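Dumped coords-v8.cif below, it's mmCIF, C-alpha atoms:
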```cif
data_input
#
loop_
_atom_site.group_PDB
_atom_site.id
_atom_site.type_symbol
_atom_site.label_atom_id
_atom_site.label_comp_id
_atom_site.auth_asym_id
_atom_site.auth_seq_id
_atom_site.Cartn_x
_atom_site.Cartn_y
_atom_site.Cartn_z
ATOM 1 C CA MET A 1 81.654 114.717 84.456
ATOM 2 C CA ALA A 2 85.209 114.115 83.255
ATOM 3 C CA ASP A 3 88.242 115.519 85.093
ATOM 4 C CA ASN A 4 91.562 116.355 83.484
ATOM 5 C CA VAL A 5 94.493 114.193 84.563
ATOM 6 C CA ILE A 6 97.516 116.506 84.715
ATOM 7 C CA LEU A 7 101.191 115.596 84.979
ATOM 8 C CA ASN A 8 103.413 118.134 86.769
ATOM 9 C CA ILE A 9 107.136 117.966 86.020
ATOM 10 C CA TYR A 10 109.984 119.339 88.116
ATOM 11 C CA ASP A 11 113.655 119.431 87.109
ATOM 12 C CA LEU A 12 115.892 117.859 89.746
ATOM 13 C CA VAL A 13 119.218 119.653 89.694
ATOM 14 C CA PRO A 14 121.829 118.182 92.077
ATOM 15 C CA ASP A 15 123.704 120.954 93.862
ATOM 16 C CA GLN A 16 127.149 120.218 95.247
ATOM 17 C CA GLN A 17 126.915 120.672 98.991
ATOM 18 C CA ASP A 18 130.628 121.499 99.276
ATOM 19 C CA ALA A 19 130.349 124.413 96.878
ATOM 20 C CA PRO A 20 129.802 127.936 98.150
ATOM 21 C CA GLN A 21 126.162 129.018 98.021
ATOM 22 C CA GLN A 22 126.785 131.521 95.227
ATOM 23 C CA GLN A 23 128.323 128.788 93.018
ATOM 24 C CA ARG A 24 125.662 126.099 93.427
ATOM 25 C CA SER A 25 123.354 127.292 90.677
ATOM 26 C CA GLY A 26 126.310 127.180 88.291
ATOM 27 C CA PHE A 27 127.009 123.528 89.103
ATOM 28 C CA SER A 28 123.303 122.745 88.659
ATOM 29 C CA ARG A 29 123.162 124.400 85.262
ATOM 30 C CA MET A 30 126.301 122.577 84.140
ATOM 31 C CA PHE A 31 124.943 119.192 85.263
ATOM 32 C CA ALA A 32 121.591 119.759 83.559
ATOM 33 C CA GLY A 33 123.381 121.004 80.446
ATOM 34 C CA LEU A 34 125.341 117.751 80.166
ATOM 35 C CA LEU A 35 122.496 115.299 80.790
ATOM 36 C CA GLU A 36 119.481 116.906 79.152
ATOM 37 C CA PRO A 37 120.777 117.004 75.549
ATOM 38 C CA LEU A 38 121.382 113.240 75.856
ATOM 39 C CA GLY A 39 117.791 112.669 77.023
ATOM 40 C CA PHE A 40 118.898 111.755 80.547
ATOM 41 C CA GLY A 41 117.609 114.555 82.717
ATOM 42 C CA MET A 42 116.386 113.885 86.261
ATOM 43 C CA TYR A 43 112.785 114.787 87.073
ATOM 44 C CA HIS A 44 110.202 114.631 89.832
ATOM 45 C CA THR A 45 106.554 114.252 88.812
ATOM 46 C CA SER A 46 103.127 114.348 90.399
ATOM 47 C CA VAL A 47 99.584 113.845 89.105
ATOM 48 C CA ASP A 48 96.611 116.198 89.578
ATOM 49 C CA VAL A 49 93.031 114.942 89.422
ATOM 50 C CA GLY A 50 89.838 116.177 91.054
ATOM 51 C CA GLY A 51 91.501 119.142 92.781
ATOM 52 C CA PHE A 52 94.218 117.084 94.487
ATOM 53 C CA ARG A 53 97.874 116.360 93.727
ATOM 54 C CA TYR A 54 99.329 112.873 94.256
ATOM 55 C CA GLN A 55 103.002 111.951 94.336
ATOM 56 C CA PHE A 56 105.244 109.126 95.533
ATOM 57 C CA GLY A 57 108.407 109.299 97.601
ATOM 58 C CA ALA A 58 110.627 107.413 100.001
ATOM 59 C CA THR A 59 109.352 106.850 103.569
ATOM 60 C CA LEU A 60 105.996 108.652 103.095
ATOM 61 C CA GLY A 61 104.941 106.634 100.064
ATOM 62 C CA ILE A 62 101.976 108.231 98.296
ATOM 63 C CA SER A 63 101.119 111.730 99.544
ATOM 64 C CA ARG A 64 98.298 114.120 98.664
ATOM 65 C CA THR A 65 97.973 117.894 98.687
ATOM 66 C CA SER A 66 95.563 120.350 97.115
ATOM 67 C CA SER A 67 96.492 121.390 93.581
ATOM 68 C CA PRO A 68 96.316 124.678 91.659
ATOM 69 C CA ILE A 69 93.591 124.802 89.004
ATOM 70 C CA GLY A 70 95.007 123.514 85.737
ATOM 71 C CA GLY A 71 98.250 122.247 87.267
ATOM 72 C CA GLY A 72 101.276 124.415 87.960
ATOM 73 C CA ASP A 73 103.115 125.255 91.151
ATOM 74 C CA SER A 74 102.088 126.623 94.544
ATOM 75 C CA ALA A 75 103.412 126.645 98.103
ATOM 76 C CA GLU A 76 100.920 123.946 99.149
ATOM 77 C CA SER A 77 101.545 121.689 96.157
ATOM 78 C CA ARG A 78 105.330 121.910 96.727
ATOM 79 C CA ARG A 79 105.084 120.447 100.227
ATOM 80 C CA TYR A 80 106.446 117.043 99.175
ATOM 81 C CA VAL A 81 108.583 118.153 96.225
ATOM 82 C CA PRO A 82 112.333 117.516 96.781
ATOM 83 C CA GLY A 83 114.237 120.625 97.825
ATOM 84 C CA ASN A 84 116.225 120.645 94.581
ATOM 85 C CA GLY A 85 113.075 120.458 92.450
ATOM 86 C CA HIS A 86 112.379 123.364 90.094
ATOM 87 C CA TYR A 87 108.987 123.543 88.396
ATOM 88 C CA ARG A 88 109.217 122.909 84.650
ATOM 89 C CA GLU A 89 105.736 122.393 83.147
ATOM 90 C CA SER A 90 102.331 120.724 83.429
ATOM 91 C CA ILE A 91 100.836 118.449 80.747
ATOM 92 C CA ILE A 92 97.232 117.278 80.367
ATOM 93 C CA LEU A 93 97.584 113.528 79.813
ATOM 94 C CA GLY A 94 93.883 112.832 79.272
ATOM 95 C CA GLN A 95 90.606 112.658 81.162
ATOM 96 C CA THR A 96 88.971 110.331 83.663
ATOM 97 C CA PHE A 97 85.419 109.694 84.829
ATOM 98 C CA PHE A 98 86.543 108.373 88.226
ATOM 99 C CA ASN A 99 84.778 110.095 91.100
ATOM 100 C CA GLN A 100 86.647 110.963 94.316
ATOM 101 C CA LYS A 101 85.572 107.762 96.070
ATOM 102 C CA GLU A 102 86.953 105.698 93.181
ATOM 103 C CA VAL A 103 90.191 107.703 93.097
ATOM 104 C CA ASN A 104 90.633 107.127 96.856
ATOM 105 C CA ALA A 105 90.079 103.385 96.395
ATOM 106 C CA LEU A 106 92.597 103.287 93.543
ATOM 107 C CA ILE A 107 95.239 105.110 95.626
ATOM 108 C CA GLN A 108 94.691 102.672 98.501
ATOM 109 C CA LYS A 109 95.145 99.705 96.157
ATOM 110 C CA LEU A 110 98.415 101.198 94.905
ATOM 111 C CA ARG A 111 99.578 101.765 98.494
ATOM 112 C CA ASP A 112 98.700 98.208 99.485
ATOM 113 C CA SER A 113 100.404 96.650 96.479
ATOM 114 C CA LYS A 114 103.825 98.066 95.630
ATOM 115 C CA PHE A 115 103.779 101.788 96.328
ATOM 116 C CA GLY A 116 104.369 101.924 100.055
ATOM 117 C CA GLY A 117 107.202 104.136 101.300
ATOM 118 C CA ASP A 118 109.456 101.119 101.874
ATOM 119 C CA ASN A 119 109.082 100.102 98.205
ATOM 120 C CA TYR A 120 110.678 103.290 96.858
ATOM 121 C CA HIS A 121 113.796 102.852 94.742
ATOM 122 C CA LEU A 122 115.472 105.657 92.828
ATOM 123 C CA ALA A 123 115.894 103.611 89.632
ATOM 124 C CA HIS A 124 113.352 100.786 89.807
ATOM 125 C CA ARG A 125 110.304 102.308 91.551
ATOM 126 C CA ASN A 126 110.344 106.081 91.812
ATOM 127 C CA CYS A 127 107.884 108.989 91.632
ATOM 128 C CA ASN A 128 107.720 108.775 87.827
ATOM 129 C CA HIS A 129 106.816 105.072 87.883
ATOM 130 C CA PHE A 130 103.964 105.938 90.257
ATOM 131 C CA SER A 131 102.754 108.882 88.173
ATOM 132 C CA GLU A 132 102.637 106.786 84.994
ATOM 133 C CA THR A 133 100.928 103.835 86.725
ATOM 134 C CA PHE A 134 98.328 106.044 88.430
ATOM 135 C CA ALA A 135 97.568 108.058 85.287
ATOM 136 C CA THR A 136 97.362 104.869 83.186
ATOM 137 C CA ALA A 137 94.747 103.423 85.535
ATOM 138 C CA LEU A 138 92.740 106.671 85.612
ATOM 139 C CA ILE A 139 92.694 107.316 81.868
ATOM 140 C CA LEU A 140 92.830 103.843 80.286
ATOM 141 C CA GLY A 141 90.674 101.913 82.758
ATOM 142 C CA ASN A 142 88.368 100.152 80.294
ATOM 143 C CA GLU A 143 91.122 99.622 77.729
ATOM 144 C CA LEU A 144 93.194 97.833 80.366
ATOM 145 C CA LEU A 145 90.214 95.598 81.018
ATOM 146 C CA ASP A 146 89.536 94.783 77.360
ATOM 147 C CA ASP A 147 93.129 94.445 76.120
ATOM 148 C CA GLY A 148 95.150 91.676 77.739
ATOM 149 C CA THR A 149 98.422 92.736 76.110
ATOM 150 C CA ASP A 150 101.076 95.183 77.263
ATOM 151 C CA ASN A 151 100.525 97.404 74.214
ATOM 152 C CA VAL A 152 98.196 99.804 76.040
ATOM 153 C CA ARG A 153 100.055 103.051 76.739
ATOM 154 C CA LEU A 154 99.305 106.693 77.452
ATOM 155 C CA GLU A 155 99.776 108.552 74.174
ATOM 156 C CA LYS A 156 100.723 111.838 75.840
ATOM 157 C CA TRP A 157 103.109 110.435 78.457
ATOM 158 C CA PRO A 158 106.559 112.083 77.965
ATOM 159 C CA LYS A 159 108.978 109.152 77.767
ATOM 160 C CA TRP A 160 111.985 111.338 78.569
ATOM 161 C CA VAL A 161 110.730 111.929 82.121
ATOM 162 C CA ASN A 162 111.892 108.520 83.387
ATOM 163 C CA ARG A 163 114.446 107.572 80.717
ATOM 164 C CA LEU A 164 117.431 107.751 83.072
ATOM 165 C CA ALA A 165 115.849 105.339 85.591
ATOM 166 C CA LYS A 166 114.589 102.952 82.916
ATOM 167 C CA THR A 167 117.993 102.836 81.277
ATOM 168 C CA THR A 168 119.593 102.059 84.643
ATOM 169 C CA SER A 169 117.148 99.199 85.329
ATOM 170 C CA SER A 170 116.951 97.868 81.762
ATOM 171 C CA GLY A 171 118.807 94.679 82.671
ATOM 172 C CA MET A 172 116.398 93.796 85.467
ATOM 173 C CA SER A 173 113.848 91.017 84.941
ATOM 174 C CA ARG A 174 110.215 92.150 84.757
ATOM 175 C CA ASP A 175 109.461 89.370 87.260
ATOM 176 C CA SER A 176 111.615 91.094 89.872
ATOM 177 C CA GLU A 177 109.694 92.322 92.922
ATOM 178 C CA MET A 178 111.599 95.598 92.751
ATOM 179 C CA ALA A 179 110.979 96.474 89.093
ATOM 180 C CA CYS A 180 107.820 98.437 88.237
ATOM 181 C CA ASP A 181 105.626 97.089 85.422
ATOM 182 C CA VAL A 182 103.334 100.066 84.744
ATOM 183 C CA VAL A 183 100.554 98.314 82.804
ATOM 184 C CA ALA A 184 100.476 95.190 84.979
ATOM 185 C CA GLU A 185 100.346 97.234 88.185
ATOM 186 C CA ALA A 186 97.644 99.546 86.847
ATOM 187 C CA ARG A 187 95.583 96.429 86.068
ATOM 188 C CA LEU A 188 96.274 95.037 89.538
ATOM 189 C CA ALA A 189 95.146 98.269 91.224
ATOM 190 C CA LEU A 190 91.935 98.251 89.157
ATOM 191 C CA GLU A 191 91.346 94.561 89.981
ATOM 192 C CA CYS A 192 90.832 93.833 86.285
ATOM 193 C CA ASP A 193 90.823 90.081 86.934
ATOM 194 C CA LYS A 194 87.618 90.517 88.980
ATOM 195 C CA LYS A 195 85.824 92.819 86.525
ATOM 196 C CA VAL A 196 85.539 90.843 83.305
ATOM 197 C CA GLY A 197 82.603 92.293 81.359
ATOM 198 C CA TRP A 198 82.355 95.361 83.563
ATOM 199 C CA GLY A 199 82.998 99.004 82.779
ATOM 200 C CA ILE A 200 85.652 100.083 85.260
ATOM 201 C CA THR A 201 84.980 103.802 85.350
ATOM 202 C CA SER A 202 81.291 103.484 86.160
ATOM 203 C CA SER A 203 80.220 103.406 89.791
ATOM 204 C CA VAL A 204 76.838 101.797 88.982
ATOM 205 C CA ASP A 205 75.992 98.718 91.078
ATOM 206 C CA ARG A 206 75.605 95.988 88.475
ATOM 207 C CA SER A 207 74.077 93.534 90.948
ATOM 208 C CA LYS A 208 70.771 95.409 90.674
ATOM 209 C CA LYS A 209 68.385 95.333 87.727
ATOM 210 C CA LYS A 210 67.622 98.673 86.146
ATOM 211 C CA GLU A 211 64.139 99.863 87.097
ATOM 212 C CA LEU A 212 61.769 100.767 84.255
ATOM 213 C CA THR A 213 60.225 104.218 84.224
ATOM 214 C CA ALA A 214 56.440 104.616 84.342
ATOM 215 C CA LYS A 215 56.433 105.536 80.639
ATOM 216 C CA GLN A 216 58.452 102.438 79.736
ATOM 217 C CA LYS A 217 56.104 100.236 81.757
ATOM 218 C CA GLU A 218 53.126 101.749 79.933
ATOM 219 C CA VAL A 219 54.640 101.088 76.493
ATOM 220 C CA LEU A 220 55.586 97.537 77.505
ATOM 221 C CA ALA A 221 52.022 96.861 78.707
ATOM 222 C CA LYS A 222 50.598 98.048 75.357
ATOM 223 C CA LEU A 223 52.979 95.801 73.423
ATOM 224 C CA LYS A 224 52.006 92.802 75.539
ATOM 225 C CA SER A 225 48.318 93.613 75.008
ATOM 226 C CA LYS A 226 48.718 93.707 71.240
ATOM 227 C CA SER A 227 50.665 90.453 71.171
ATOM 228 C CA THR A 228 47.825 88.572 72.932
ATOM 229 C CA LYS A 229 45.129 89.725 70.494
#
```

Could you express the structure from this file as structure tokens?
Amino acid sequence: MADNVILNIYDLVPDQQDAPQQQRSGFSRMFAGLLEPLGFGMYHTSVDVGGFRYQFGATLGISRTSSPIGGGDSAESRRYVPGNGHYRESIILGQTFFNQKEVNALIQKLRDSKFGGDNYHLAHRNCNHFSETFATALILGNELLDDGTDNVRLEKWPKWVNRLAKTTSSGMSRDSEMACDVVAEARLALECDKKVGWGITSSVDRSKKKELTAKQKEVLAKLKSKSTK
């Protein structure tokens, strides 16, 4: 059964700590009003799949909480959202056939590769880089396996979510250890190099031959009998 893969987006509005409490929302609105029309807003994102919410941050790395049905915001799901995060919207990016065991394995691969807490960088490897990489692996698993190019992308991913960070790091080499290469790292987490000819999203053990049913054995026996006459 397929599960929706949902992207949750929070506006990050920097409040000035020196300003009186009653003035802070005004500063936030002004800041957002200047950046957003230029396509350079600041956002925090997380991904929901299978009843859980996954997000990436400094120190903790990848965290998990329960998620509201259909995305959205709740006290539990906000546990690791930055204090200046204000819920904006949730978007269904696509669907996945990964079961919970496969999702857990994928998260562990991402943790072990380049999404540990010490790898976090505001511009080069942030929560949005993680969300896009994780969702790409979940939704485009078999396409990543079949297509060796970098042209595979999530159609419904909102590019404006991470535009500010990508613009900041645009001069960085893709070979840099710090820079996040979404497609390459999704492939790495899925171990695509070890699964040539396999269907990634299936949990079937391909080392075993498929057993014939009694009916199939009966039909096969009849065909063999006719061929020997």

- Measuring atom to atom with all atoms listed in the file, identify which of A:Cys127, A:Ala189, A:Leu7, A:Ala2 is nearest to Asp73 (chain A).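 Looking at the shortest contact to Asp73 (chain A), the residue is A:Leu7.
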
- Item | Explicit residues for the PyMOL selection byres ((chain A and resi 101-110) around 12) (as a PyMOL selection string) | chain A and resi 3+5+47-56+61-64+96-100+111-117+119+129-131+133-139+141+180+182+184-191+200-204

- Among listed residues A:Gly72, A:Ala58, A:Asn128, A:Ile91, nearest Leu164 (chain A) (using only C-alpha atoms):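 Smallest distance to Leu164 (chain A) is found for A:Asn128.
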
- Message: What's around Ile92 (chain A) at 9 Å? Count only C-alpha atoms, leave out sequence neighbours fewer than 6 positions away in its own chain, and write the answer as a ChimeraX atom specification.
- Response: /A:4-8,70-71,156

Generate a file of the selected residues that holds C-alpha atoms, formatted as a tab-separated table (two decimals), in the frame of the given file.
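File produced: selection_37.tsv:
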```tsv
chain	number	residue	atom	x	y	z
A	4	ASN	CA	91.56	116.36	83.48
A	5	VAL	CA	94.49	114.19	84.56
A	6	ILE	CA	97.52	116.51	84.72
A	7	LEU	CA	101.19	115.60	84.98
A	8	ASN	CA	103.41	118.13	86.77
A	70	GLY	CA	95.01	123.51	85.74
A	71	GLY	CA	98.25	122.25	87.27
A	156	LYS	CA	100.72	111.84	75.84
```

- With only C-alpha atoms as the atoms that count, which of A:Leu60, A:Gln95, A:Cys192, A:Ala179 lies nearest to Leu154 (chain A)?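 Smallest distance to Leu154 (chain A) is found for A:Gln95.
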
- Message: Could you check the closest approach to Leu93 (chain A) for each of A:Met42, A:Leu140, A:Ala165, A:Leu145 and tell me which residue wins, using only C-alpha atoms?
- Response: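 Looking only at the distances to Leu93 (chain A), the closest residue turns out to be A:Leu140.
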
- Task: Given the file shown, determine the residues that the PyMOL selection byres ((chain A and resi 89) around 6) selects; report them as a ChimeraX atom specification.
- Result: /A:9,88,90

- Task: Name the closest residue to Arg125 (chain A) among the candidates A:Asn162, A:Val13, A:Ser46, A:Arg79; distances are taken between atoms, counting only C-alpha atoms.
- Result: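 Residue with the minimum atom-to-atom distance to Arg125 (chain A): A:Asn162.
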
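Separating CA of Tyr10 (chain A) from CA of Ala123 (chain A) is a distance of 16.9 Å.
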
- Message: Report, in Å with one decimal, the straight-line distance from CA of Val81 (chain A) to CA of Val161 (chain A).
- Response: 15.6 Å

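The interatomic distance for the pair CA of Gly94 (chain A) and CA of Lys159 (chain A) works out to 15.6 Å.
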